[in-house]
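This report refers to the structure that appears directly beneath it.
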Amino acid sequence: DTAVSQTPKYLVTQMGNDKSIKCEQNLGHDTMYWYKQDSKKFLKIMFSYNNKELIINETVPNRFSPKSPDKAHLNLHINSLELGDSAVYFCASSQGKAGQEFFGPGTRLTVL
Amino acid sequence: GENVEQHPSTLSVQEGDSAVIKCTYSDSASNYFPWYKQELGKRPQLIIDIRSNVGEKKDQRIAVTLNKTAKHFSLHITETQPEDSAVYFCAASIGNQFYFGTGTSLTVIP
């Protein structure tokens with residue numbers, strides 16, 4: 001009964017490939033997020049999405065795209081992977097305004 | 001947009017001493033301020049939060065204070081223990097948008 005889950009936990013791939021990370025939340029939350037955490041541990045927001053609005057951090061390359069098949073899922077697609085994309089990616093969710101945010105376990109992406 | 005600054009970036013304390021981490025924010029519309037603890041290789045987890053209509057909140061050895069006028073908030077950990085060693089993130093929230101500080105790596109020396 002994990003609240004926010006992500007798959008895969010680890011992802012190792014070659015430069016230039018396209019990959020996806022899946023995220024699911026069973027909390028009934030209305031907003032989901034993707035964060036990138038680099039080697040310096042900075043947590044950078046990439047996207048936030050609810051059924052009404054997608055907010056994109058302007059610094060995120062358009063090779064990254066979120067896809068939400070339904071309210072409980074927000075998947076992250078990455079095209080033409082680059083070395084600098086190597087990081088841990090966290091999915092998160094929250095409910096309403098000023099609601100507590102819950103994080104998934106993270107996906108460690110390594111681009112070779 | 002909101003800008004959250006967090007200090008210090010690293011902090012070492014002796015076991016039993018107190019630790020204080022400070023954050024400032026820029027947007028007076030921010031109304032929710034959570035603190036997260038991230039242990040090595042794990043996800044950030046909420047440890048305490050405070051809303052803008054409250055000045056202080058305490059939960060056992062952890063307390064958070066908020067000064068809305070000065071736009072700063074602080075995390076206080078008393079009687080630190082080795083298991084408190086982790087990276088701590090502050091955040092400020094406007095609506096459903098969260099803005100994180102750059103993290104503080106806390107080491108508690110036994």
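Following the order of the structure tokens, first chain is A, next is B, and so on, with residues numbered from 1 inside each chain and ligands from 1 in the order they appear.
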_Counting only C-alpha atoms, a student should be able to say which residues of chain B come within 10 Å of chain A; what is the right answer, written as JSON, numbers by chain?_
{"B": [30, 31, 32, 33, 34, 36, 38, 41, 42, 43, 44, 45, 46, 49, 51, 87, 89, 92, 93, 94, 95, 96, 97, 98, 99, 100, 101, 102, 103, 104, 105]}
*Between CA of Lys71 in chain A and CA of Asn26 in chain A, what is the distance, to one decimal in Å?*
9.7 Å
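If you look at CA of Ile62 in chain B and CA of Glu79 in chain B, they are 9.4 Å away from each other.
Taking CA of Lys57 in chain B as the reference point, CA of Ser9 in chain B is found at 23.3 Å.
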